[in-house]
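S.K.: You'll find target-v6.txt just under this line, and it carries compact mmCIF, C-alpha atoms and all ligand atoms.
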# COMPACT_ATOMS: atom_id res chain seq x y z
CA MET A 206 -21.56 17.43 8.75
CA SER A 207 -19.69 15.47 6.07
CA LEU A 208 -15.93 15.05 6.35
CA ARG A 209 -14.15 16.72 3.42
CA LEU A 210 -11.51 14.84 1.43
CA ALA A 211 -8.81 16.13 -0.90
CA ILE A 212 -7.51 13.26 -3.02
CA LEU A 213 -4.11 13.33 -4.73
CA GLY A 214 -3.88 10.69 -7.46
CA MET A 215 -6.65 9.41 -9.70
CA GLY A 216 -5.07 6.16 -10.82
CA SER A 217 -6.14 2.66 -9.90
CA VAL A 218 -6.36 3.33 -6.14
CA GLY A 219 -7.71 6.89 -6.39
CA ARG A 220 -10.50 5.85 -8.73
CA GLY A 221 -11.39 2.90 -6.48
CA ILE A 222 -11.73 5.28 -3.53
CA ILE A 223 -13.76 7.82 -5.49
CA GLN A 224 -16.13 5.17 -6.90
CA THR A 225 -16.69 3.64 -3.47
CA ILE A 226 -17.42 7.01 -1.87
CA SER A 227 -19.96 7.74 -4.61
CA GLN A 228 -21.73 4.40 -4.07
CA LYS A 229 -21.91 4.24 -0.27
CA GLU A 230 -23.33 6.61 2.33
CA LEU A 231 -20.16 7.17 4.36
CA GLY A 232 -20.58 10.77 5.48
CA LEU A 233 -17.76 11.91 3.19
CA ILE A 234 -17.53 14.49 0.43
CA ILE A 235 -14.66 15.08 -2.00
CA THR A 236 -13.81 18.77 -2.18
CA ALA A 237 -10.60 18.53 -4.23
CA VAL A 238 -8.72 16.15 -6.51
CA ALA A 239 -5.39 16.39 -8.33
CA ASP A 240 -3.57 14.15 -10.77
CA SER A 241 -0.14 14.63 -12.35
CA ARG A 242 -1.27 17.42 -14.69
CA SER A 243 -4.35 19.08 -13.22
CA GLY A 244 -6.64 19.61 -10.27
CA CYS A 245 -10.16 20.65 -9.30
CA ILE A 246 -11.62 22.18 -6.16
CA ASP A 247 -15.25 22.68 -5.05
CA PRO A 248 -15.89 23.53 -1.40
CA ASP A 249 -19.45 22.14 -1.70
CA GLY A 250 -18.24 18.78 -3.01
CA LEU A 251 -17.27 17.72 -6.52
CA ASP A 252 -19.76 16.04 -8.82
CA ILE A 253 -18.27 12.54 -8.81
CA PRO A 254 -19.84 11.06 -11.98
CA ASP A 255 -18.66 14.20 -13.83
CA LEU A 256 -15.17 13.87 -12.37
CA LEU A 257 -14.84 10.18 -13.29
CA GLU A 258 -16.13 10.79 -16.81
CA ARG A 259 -13.82 13.78 -17.35
CA LYS A 260 -10.79 11.78 -16.21
CA GLU A 261 -11.70 8.85 -18.43
CA LYS A 262 -12.39 10.94 -21.52
CA THR A 263 -9.62 13.55 -21.29
CA GLY A 264 -6.99 11.87 -19.11
CA ILE A 265 -7.00 14.83 -16.74
CA CYS A 266 -9.24 15.43 -13.75
CA GLY A 267 -9.62 19.18 -13.96
CA ASP A 268 -7.97 22.53 -14.55
CA THR A 269 -4.33 22.48 -15.70
CA ASN A 270 -3.71 25.69 -13.71
CA ILE A 271 -4.29 23.76 -10.48
CA ASN A 272 -1.76 21.21 -9.26
CA ALA A 273 -1.41 18.88 -6.27
CA GLU A 274 0.56 21.44 -4.28
CA ASN A 275 -2.18 24.07 -4.77
CA VAL A 276 -4.75 21.54 -3.60
CA VAL A 277 -2.77 20.71 -0.45
CA LEU A 278 -2.16 24.34 0.45
CA ASN A 279 -5.38 26.02 -0.67
CA ALA A 280 -8.29 23.60 -0.89
CA PRO A 281 -10.80 23.22 1.95
CA TYR A 282 -10.47 19.70 3.36
CA ASP A 283 -10.24 17.72 6.59
CA ILE A 284 -8.29 14.69 5.30
CA LEU A 285 -5.63 14.56 2.61
CA VAL A 286 -5.84 11.21 0.80
CA GLU A 287 -2.43 10.76 -0.79
CA VAL A 288 -2.45 8.01 -3.45
CA THR A 289 0.25 9.12 -5.91
CA PRO A 290 3.05 6.80 -7.17
CA THR A 291 5.65 5.44 -4.76
CA ASP A 292 9.23 6.67 -5.09
CA ALA A 293 11.07 4.41 -2.68
CA ARG A 294 14.38 6.30 -2.77
CA SER A 295 13.26 9.93 -2.37
CA GLY A 296 9.68 9.55 -1.14
CA GLU A 297 8.86 12.64 -3.23
CA PRO A 298 6.76 14.48 -4.14
CA ALA A 299 4.39 12.63 -1.79
CA THR A 300 6.39 13.39 1.37
CA SER A 301 6.19 17.15 0.74
CA TYR A 302 2.43 16.95 0.15
CA ILE A 303 1.97 15.01 3.38
CA LEU A 304 4.26 17.30 5.38
CA ASN A 305 2.41 20.41 4.20
CA ALA A 306 -0.98 18.93 5.02
CA LEU A 307 0.14 17.87 8.50
CA LYS A 308 1.66 21.31 9.12
CA LEU A 309 -1.74 22.79 8.25
CA GLY A 310 -3.31 20.55 10.88
CA ARG A 311 -5.03 18.20 8.44
CA HIS A 312 -5.28 14.43 8.80
CA VAL A 313 -3.45 12.35 6.20
CA VAL A 314 -4.24 8.88 4.84
CA THR A 315 -1.85 7.38 2.31
CA SER A 316 -1.27 4.18 0.34
CA ASN A 317 2.20 5.39 -0.66
CA LYS A 318 5.08 3.29 0.68
CA GLY A 319 7.75 5.93 -0.02
CA PRO A 320 6.96 8.50 2.69
CA VAL A 321 6.08 5.84 5.28
CA SER A 322 9.18 3.69 4.78
CA LEU A 323 11.53 6.70 4.74
CA HIS A 324 9.99 9.17 7.18
CA TYR A 325 7.48 7.40 9.42
CA HIS A 326 8.81 8.70 12.74
CA ALA A 327 9.05 12.34 11.63
CA LEU A 328 5.62 12.30 9.98
CA SER A 329 3.84 10.58 12.84
CA SER A 330 5.34 12.87 15.46
CA LEU A 331 4.39 15.93 13.40
CA ALA A 332 0.86 14.54 13.18
CA GLY A 333 0.83 13.90 16.94
CA ASN A 334 2.10 17.40 17.72
CA ASN A 335 -0.63 18.88 15.53
CA GLY A 336 -3.39 16.70 16.99
CA VAL A 337 -4.14 14.91 13.71
CA GLN A 338 -3.88 11.39 12.35
CA PHE A 339 -1.33 9.98 9.92
CA ARG A 340 -2.59 6.60 8.70
CA PHE A 341 -1.19 4.20 6.09
CA GLU A 342 -2.95 0.82 6.33
CA ALA A 343 -2.91 0.34 2.54
CA THR A 344 0.89 0.45 2.31
CA VAL A 345 1.28 -3.18 3.43
CA ALA A 346 -0.68 -6.17 2.11
CA GLY A 347 -3.48 -4.19 0.43
CA ALA A 348 -6.84 -5.41 1.68
CA ILE A 349 -5.45 -7.24 4.75
CA PRO A 350 -5.80 -4.92 7.76
CA ILE A 351 -2.42 -5.90 9.15
CA ILE A 352 -1.12 -2.59 10.49
CA GLN A 353 -4.19 -1.64 12.52
CA THR A 354 -4.36 -5.22 13.80
CA LEU A 355 -0.73 -5.39 14.91
CA MET A 356 -0.48 -1.85 16.29
CA HIS A 357 -3.84 -1.72 18.05
CA ASN A 358 -5.95 -4.88 18.16
CA LEU A 359 -2.97 -6.97 19.28
CA GLY A 360 -1.54 -4.05 21.27
CA GLY A 361 -1.34 -6.03 24.52
CA ASN A 362 0.79 -8.71 22.90
CA GLU A 363 4.46 -9.02 22.30
CA ILE A 364 4.65 -9.66 18.55
CA ILE A 365 7.47 -12.17 18.50
CA SER A 366 7.84 -12.69 14.76
CA LEU A 367 6.21 -12.13 11.41
CA TYR A 368 6.53 -14.19 8.24
CA GLY A 369 4.75 -13.25 5.07
CA VAL A 370 4.15 -13.36 1.37
CA LEU A 371 3.98 -9.64 0.72
CA ASN A 372 4.24 -9.30 -3.05
CA GLY A 373 1.40 -10.62 -5.19
CA THR A 374 3.32 -10.36 -8.46
CA CYS A 375 6.13 -12.64 -7.25
CA ASN A 376 3.61 -15.03 -5.74
CA TYR A 377 1.73 -15.17 -9.02
CA ILE A 378 4.94 -15.91 -10.95
CA LEU A 379 6.00 -18.67 -8.52
CA THR A 380 2.52 -20.22 -8.55
CA ARG A 381 2.40 -20.33 -12.35
CA MET A 382 5.94 -21.72 -12.62
CA ALA A 383 5.07 -24.52 -10.18
CA GLU A 384 1.58 -25.31 -11.43
CA GLU A 385 2.02 -25.00 -15.17
CA GLY A 386 5.76 -25.58 -15.53
CA LEU A 387 6.17 -22.11 -17.05
CA THR A 388 9.64 -20.58 -17.19
CA TYR A 389 10.32 -17.48 -15.09
CA ARG A 390 10.13 -15.35 -18.28
CA GLN A 391 6.82 -16.87 -19.41
CA ALA A 392 5.26 -16.41 -15.97
CA LEU A 393 6.51 -12.82 -15.77
CA ASP A 394 5.08 -12.04 -19.22
CA GLU A 395 1.74 -13.54 -18.16
CA ALA A 396 1.75 -11.42 -14.97
CA ARG A 397 2.39 -8.36 -17.12
CA THR A 398 -0.43 -9.19 -19.54
CA LEU A 399 -2.84 -9.58 -16.64
CA GLY A 400 -1.73 -6.23 -15.19
CA TYR A 401 -0.15 -7.68 -12.02
CA ALA A 402 3.39 -6.70 -12.95
CA GLU A 403 4.49 -3.24 -14.01
CA THR A 404 6.10 -2.71 -17.43
CA ASP A 405 9.28 -2.41 -15.36
CA PRO A 406 8.79 -5.20 -12.81
CA THR A 407 12.23 -4.75 -11.20
CA TYR A 408 10.86 -3.52 -7.86
CA ASP A 409 8.69 -6.61 -7.53
CA VAL A 410 10.96 -9.42 -8.75
CA LYS A 411 14.12 -8.15 -7.06
CA GLY A 412 12.20 -8.09 -3.79
CA ILE A 413 12.43 -4.35 -3.21
CA ASP A 414 8.65 -3.82 -2.94
CA ALA A 415 8.27 -6.55 -0.30
CA ALA A 416 11.40 -5.37 1.54
CA ILE A 417 9.95 -1.85 1.78
CA LYS A 418 6.87 -3.37 3.42
CA LEU A 419 9.14 -5.07 5.98
CA VAL A 420 10.71 -1.67 6.72
CA ILE A 421 7.26 -0.15 7.24
CA LEU A 422 6.19 -2.97 9.56
CA ALA A 423 9.44 -2.86 11.55
CA ASN A 424 9.32 0.91 12.03
CA THR A 425 5.63 1.19 12.81
CA VAL A 426 4.70 -1.98 14.69
CA TRP A 427 8.03 -2.44 16.52
CA LYS A 428 9.09 1.25 16.53
CA LYS A 429 12.45 0.38 14.97
CA ASN A 430 14.40 2.83 12.87
CA ILE A 431 15.55 0.76 9.91
CA SER A 432 15.87 1.48 6.19
CA LEU A 433 15.85 -0.64 3.06
CA ASP A 434 19.62 -1.13 3.45
CA ASP A 435 19.01 -3.01 6.73
CA VAL A 436 16.91 -5.67 5.01
CA ASP A 437 18.71 -8.71 3.67
CA VAL A 438 17.04 -9.01 0.25
CA THR A 439 17.08 -11.75 -2.38
CA GLY A 440 14.42 -11.57 -5.08
CA ILE A 441 13.05 -14.24 -7.39
CA ASP A 442 14.72 -12.96 -10.55
CA LEU A 443 17.60 -15.44 -10.30
CA LEU A 444 15.49 -18.43 -9.30
CA THR A 445 15.81 -21.34 -11.72
CA GLU A 446 13.03 -23.63 -12.93
CA GLU A 447 15.29 -26.48 -11.81
CA ALA A 448 15.22 -25.30 -8.16
CA LEU A 449 11.44 -25.15 -8.24
CA ARG A 450 11.20 -28.61 -9.84
CA LEU A 451 13.45 -30.10 -7.16
CA ALA A 452 11.29 -28.56 -4.43
CA GLU A 453 8.13 -29.91 -6.07
CA GLN A 454 9.63 -33.42 -6.14
CA GLN A 455 9.80 -33.25 -2.32
CA ASP A 456 6.16 -32.18 -1.96
CA ALA A 457 7.36 -28.66 -1.31
CA THR A 458 7.39 -25.44 -3.26
CA ILE A 459 9.11 -22.06 -3.25
CA ARG A 460 7.66 -18.80 -1.98
CA LEU A 461 9.23 -15.36 -1.52
CA ILE A 462 9.03 -14.98 2.25
CA GLY A 463 9.60 -11.82 4.27
CA GLU A 464 10.65 -12.30 7.86
CA ILE A 465 10.90 -10.07 10.92
CA ILE A 466 12.28 -11.32 14.22
CA PRO A 467 12.71 -8.04 16.09
CA GLU A 468 14.48 -9.47 19.15
CA GLN A 469 17.31 -10.71 16.92
CA ASN A 470 17.20 -7.74 14.53
CA ILE A 471 16.40 -10.09 11.66
CA TYR A 472 14.81 -8.39 8.65
CA ARG A 473 15.06 -10.74 5.70
CA LEU A 474 13.38 -11.45 2.40
CA CYS A 475 14.30 -14.46 0.29
CA PRO A 476 12.84 -17.37 -1.68
CA ARG A 477 12.21 -20.27 0.71
CA ILE A 478 11.46 -23.93 0.14
CA ILE A 479 8.33 -24.72 2.17
CA PRO A 480 5.95 -27.71 2.33
CA ARG A 481 3.09 -27.44 -0.14
CA ASP A 482 0.52 -27.60 2.66
CA HIS A 483 2.12 -24.73 4.63
CA PRO A 484 -0.35 -21.88 5.30
CA LEU A 485 1.93 -19.40 3.53
CA VAL A 486 1.59 -21.35 0.27
CA VAL A 487 -1.20 -19.20 -1.11
CA GLN A 488 -2.07 -19.18 -4.79
CA GLY A 489 -1.91 -16.52 -7.47
CA SER A 490 -1.57 -12.90 -6.43
CA LEU A 491 -2.70 -13.40 -2.82
CA ASN A 492 -0.72 -12.21 0.20
CA ALA A 493 -0.40 -14.19 3.44
CA ILE A 494 1.06 -13.30 6.82
CA ILE A 495 1.69 -15.33 9.97
CA VAL A 496 2.40 -13.52 13.21
CA ARG A 497 3.52 -15.17 16.43
CA THR A 498 2.44 -13.45 19.63
CA ASP A 499 2.75 -14.19 23.34
CA LEU A 500 -0.93 -13.91 24.29
CA ALA A 501 -2.93 -14.55 21.11
CA GLY A 502 -0.69 -17.34 19.82
CA ASP A 503 -0.19 -17.68 16.06
CA LEU A 504 -2.44 -15.78 13.68
CA LEU A 505 -2.79 -16.19 9.93
CA PHE A 506 -3.99 -13.47 7.56
CA VAL A 507 -4.71 -14.14 3.87
CA GLY A 508 -6.14 -11.77 1.29
CA LYS A 509 -5.63 -9.65 -1.77
CA GLY A 510 -2.47 -7.60 -1.50
CA ALA A 511 -3.34 -5.19 -4.29
CA GLY A 512 -6.10 -4.06 -6.64
CA SER A 513 -8.16 -0.94 -7.05
CA LEU A 514 -11.08 -1.74 -4.71
CA GLU A 515 -9.01 -3.93 -2.37
CA THR A 516 -6.59 -1.08 -1.72
CA ALA A 517 -9.46 1.41 -1.55
CA SER A 518 -10.90 -0.79 1.21
CA ALA A 519 -7.83 -0.17 3.36
CA VAL A 520 -7.70 3.56 2.61
CA ILE A 521 -11.40 4.02 3.36
CA GLY A 522 -11.01 2.06 6.61
CA ASP A 523 -8.41 4.64 7.70
CA ILE A 524 -10.67 7.51 6.63
CA LEU A 525 -13.61 6.11 8.60
CA PHE A 526 -11.41 5.61 11.66
CA ILE A 527 -10.73 9.34 11.54
CA ARG A 528 -14.40 10.15 10.85
CA ASP A 529 -15.45 8.18 13.93
CA LYS A 530 -12.70 9.51 16.20
CA TYR A 531 -13.19 13.15 15.22
CA ALA A 532 -16.94 13.06 14.45
CA GLY A 533 -17.86 16.29 12.70
CA GLY A 534 -14.40 16.90 11.21
CA ASN A 535 -11.89 19.61 12.13
N1 LIG A 601 -2.49 -0.42 -7.15
C1 LIG A 601 -2.46 -1.13 -6.03
O1 LIG A 601 -3.03 -2.22 -5.95
C2 LIG A 601 -1.74 -0.59 -4.82
C3 LIG A 601 -1.74 -1.34 -3.64
C4 LIG A 601 -1.14 -0.81 -2.48
C5 LIG A 601 -0.50 0.42 -2.57
N2 LIG A 601 -0.46 1.09 -3.76
C6 LIG A 601 0.20 2.39 -3.80
O2 LIG A 601 -0.81 3.39 -3.98
C7 LIG A 601 -0.30 4.46 -4.77
C8 LIG A 601 -1.20 4.64 -5.99
O3 LIG A 601 -1.18 3.45 -6.75
P1 LIG A 601 -1.97 3.35 -8.12
O4 LIG A 601 -1.90 1.92 -8.53
O5 LIG A 601 -3.27 4.04 -8.03
O6 LIG A 601 -1.02 4.21 -9.08
P2 LIG A 601 -1.34 4.74 -10.55
O7 LIG A 601 -2.46 3.94 -11.14
O8 LIG A 601 -0.05 4.84 -11.24
O9 LIG A 601 -1.93 6.22 -10.30
C9 LIG A 601 -1.16 7.25 -9.78
C10 LIG A 601 -1.97 8.54 -9.83
O10 LIG A 601 -1.18 9.56 -9.25
C11 LIG A 601 -1.14 10.67 -10.14
N3 LIG A 601 0.10 11.39 -9.97
C12 LIG A 601 1.34 11.10 -10.43
N4 LIG A 601 2.22 12.01 -10.03
C13 LIG A 601 1.51 12.92 -9.32
C14 LIG A 601 1.84 14.13 -8.66
N5 LIG A 601 3.10 14.59 -8.64
N6 LIG A 601 0.85 14.83 -8.03
C15 LIG A 601 -0.42 14.38 -8.06
N7 LIG A 601 -0.79 13.26 -8.66
C16 LIG A 601 0.16 12.54 -9.28
C17 LIG A 601 -1.27 10.07 -11.52
O11 LIG A 601 -1.72 11.08 -12.39
P3 LIG A 601 -2.13 10.80 -13.92
O12 LIG A 601 -3.49 10.15 -13.84
O13 LIG A 601 -2.18 12.16 -14.50
O14 LIG A 601 -1.08 9.92 -14.49
C18 LIG A 601 -2.30 8.98 -11.24
O15 LIG A 601 -3.61 9.54 -11.27
C19 LIG A 601 1.15 4.10 -5.12
O16 LIG A 601 1.99 4.71 -4.19
C20 LIG A 601 1.17 2.58 -4.94
O17 LIG A 601 2.45 2.10 -4.61
C21 LIG A 601 -1.08 0.62 -4.87
Please go through the file and, once you have read it, give me the structure as structure tokens.
M.R.:
Amino acid sequence: MSLRLAILGMGSVGRGIIQTISQKELGLIITAVADSRSGCIDPDGLDIPDLLERKEKTGICGDTNINAENVVLNAPYDILVEVTPTDARSGEPATSYILNALKLGRHVVTSNKGPVSLHYHALSSLAGNNGVQFRFEATVAGAIPIIQTLMHNLGGNEIISLYGVLNGTCNYILTRMAEEGLTYRQALDEARTLGYAETDPTYDVKGIDAAIKLVILANTVWKKNISLDDVDVTGIDLLTEEALRLAEQQDATIRLIGEIIPEQNIYRLCPRIIPRDHPLVVQGSLNAIIVRTDLAGDLLFVGKGAGSLETASAVIGDILFIRDKYAGGN
């Protein structure tokens, strides 16, 4: 029996998930979808080519009388796939969707940093009490499977520290400033043109996006209970070309590095001068993470931190984990 998915959000990530599910035999069907203005439900499984074409042509995925809340409460599904926009301050409306699905005893997979950074402990204990999974691999470092790896594969280790480049937009800007001598403004405009940076790139360049990922890692991997206010954050928006030039003269460069040293309660994000051959000096919009552990030693992870299919990869990994653990669905 196929596992039934209800997907909230048909943007970059949602479409990547839907396309992948239509192209691979994964034992999954999509029984409901909602976007910001509409929704559609079919207990036998939606016609995916139809759905993708309708969204592309009309901008809406279905019936304007159906919304995301109706889908969560009334559609038949085993897993809610929540891929709506992140609101880092309120976590809404995603948190309410997730809460309602968990209360109904449905598994939830999300790529949304808001609910996980603000309410991880409450959501995961609700999931545990209801015998379902709450999974969120895609919230940190996109395609890099860092959460599953740290929480489970390295479960027997003490994870002593983590250092990482966790925001592809900032990394792209810093790379272009160093390589091509672009000003911060020029590099930011280029990142926008290429679709890396949002029209309002404040979250990225002020370091808030990467800091939220540190909060998620701290609270999930190390079971801390911190918020964005506990992270010492300096973005790249005030970085001068002069600082970068001086670093380059010493065979070094600047990267926006996030750092967690749990033993010392250090949660910090700031631009750092590091040697050009350091493993965290990755190019363009890549992410990179180094973790130090007691048994496995140092590990390095590099990969795409964002993108439609890259993020879909992480979301689908979570879905398949649930499929395999609960073969046959609820
Ligand atoms: N893009 C990435 O590479 C990436 C990587 C990691 C994590 N994420 C996270 O994944 C999530 C989705 O990202 P994205 O890039 O796909 O965003 P996006 O392109 O902006 O798409 C968001 C989708 O959510 C829909 N939506 C908005 N408000 C909604 C609501 N109240 N109820 C139901 N649907 C709603 C939008 O509807 P309309 O189509 O009607 O506008 C759109 O389809 C975000 O939380 C983001 O932070 C993204």
S.K.: Please identify the residues whose atoms come within 9 Å of ligand LIG 601 (chain A), using all atoms listed in the file, and report them as number ranges by chain.
M.R.: A: 212-221, 238-244, 260, 264-266, 272-274, 287-292, 297-299, 302, 315-319, 343-348, 401, 414, 509-517, 519
S.K.: Which is closest to A:Ala327 among A:Leu307, A:Leu449, A:Ala532, A:Ile413, if we use all atoms listed in the file?
M.R.: A:Leu307
S.K.: Could you tell me how far atom CA of A:Ile417 sits from atom CA of A:Gln469, in Å to one decimal place?
M.R.: 19.0 Å
S.K.: Return the single residue from A:Cys475, A:Val507, A:Leu444, A:Val276 that is closest to A:Leu491, with distances computed using all atoms listed in the file.
M.R.: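 Of A:Cys475, A:Val507, A:Leu444, A:Val276, the one nearest A:Leu491 is A:Val507, counting all atoms listed in the file.
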S.K.: Which is closest to A:Ile284 among A:Ile222, A:Ile465, A:Ile524, A:Val410, if we use only C-alpha atoms?
M.R.: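 Ranking A:Ile222, A:Ile465, A:Ile524, A:Val410 by distance to A:Ile284, first place goes to A:Ile524.
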S.K.: Would you mind reading off the distance between atom CA of A:Ile478 and atom CA of A:Gly440, one decimal, in Å?
M.R.: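 Atom-to-atom, atom CA of A:Ile478 and atom CA of A:Gly440 are spaced 13.7 Å apart.
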S.K.: Can you measure atom CA of A:Leu328 to atom CA of A:Asn305 for me? One decimal in Å is fine.
M.R.: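 For atom CA of A:Leu328 relative to atom CA of A:Asn305, the distance reads 10.5 Å.
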S.K.: Write out as a ChimeraX atom specification the residues lying within 10 Å of A:Gln391, counting only C-alpha atoms and excluding same-chain residues fewer than 4 positions away.
M.R.: /A:378,381-382,386-387,395-397
S.K.: Which one is closest to A:Val314: A:Thr300, A:Gln338, A:Asp503, A:Ala293? Count all atoms listed in the file.
M.R.: A:Gln338
S.K.: Which residue gives the smallest distance to A:Val520 among A:Val321, A:Pro281, A:Glu342, A:Ser207, with all atoms listed in the file counted?
M.R.: A:Glu342
S.K.: Of the candidates A:Gly310, A:Thr354, A:Gly412, A:Pro476, which shows the shortest atom-to-atom distance to A:Val337, using all atoms listed in the file?
M.R.: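 Under the stated criterion, the closest residue is A:Gly310.
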S.K.: Kindly list the centre and edge lengths in Å, rounded to one decimal, for the axis-aligned box that covers all listed atoms of stretch 450-462 of chain A plus 8 Å on each of its six sides, as AutoDock Vina command-line options.
M.R.:
--center_x 9.8 --center_y -24.2 --center_z -3.8 --size_x 23.3 --size_y 34.4 --size_z 28.1
S.K.: Residues around (-16.3, 6.6, 2.8), cut-off 8 Å, counting all atoms listed in the file - what are they as a list in words?
M.R.: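 With a cut-off of 8 Å, the residues come to Ile222, Thr225, Ile226, Lys229, Glu230, Leu231, Gly232, Leu233, Ile521, Gly522, Ile524 and Leu525 of chain A.
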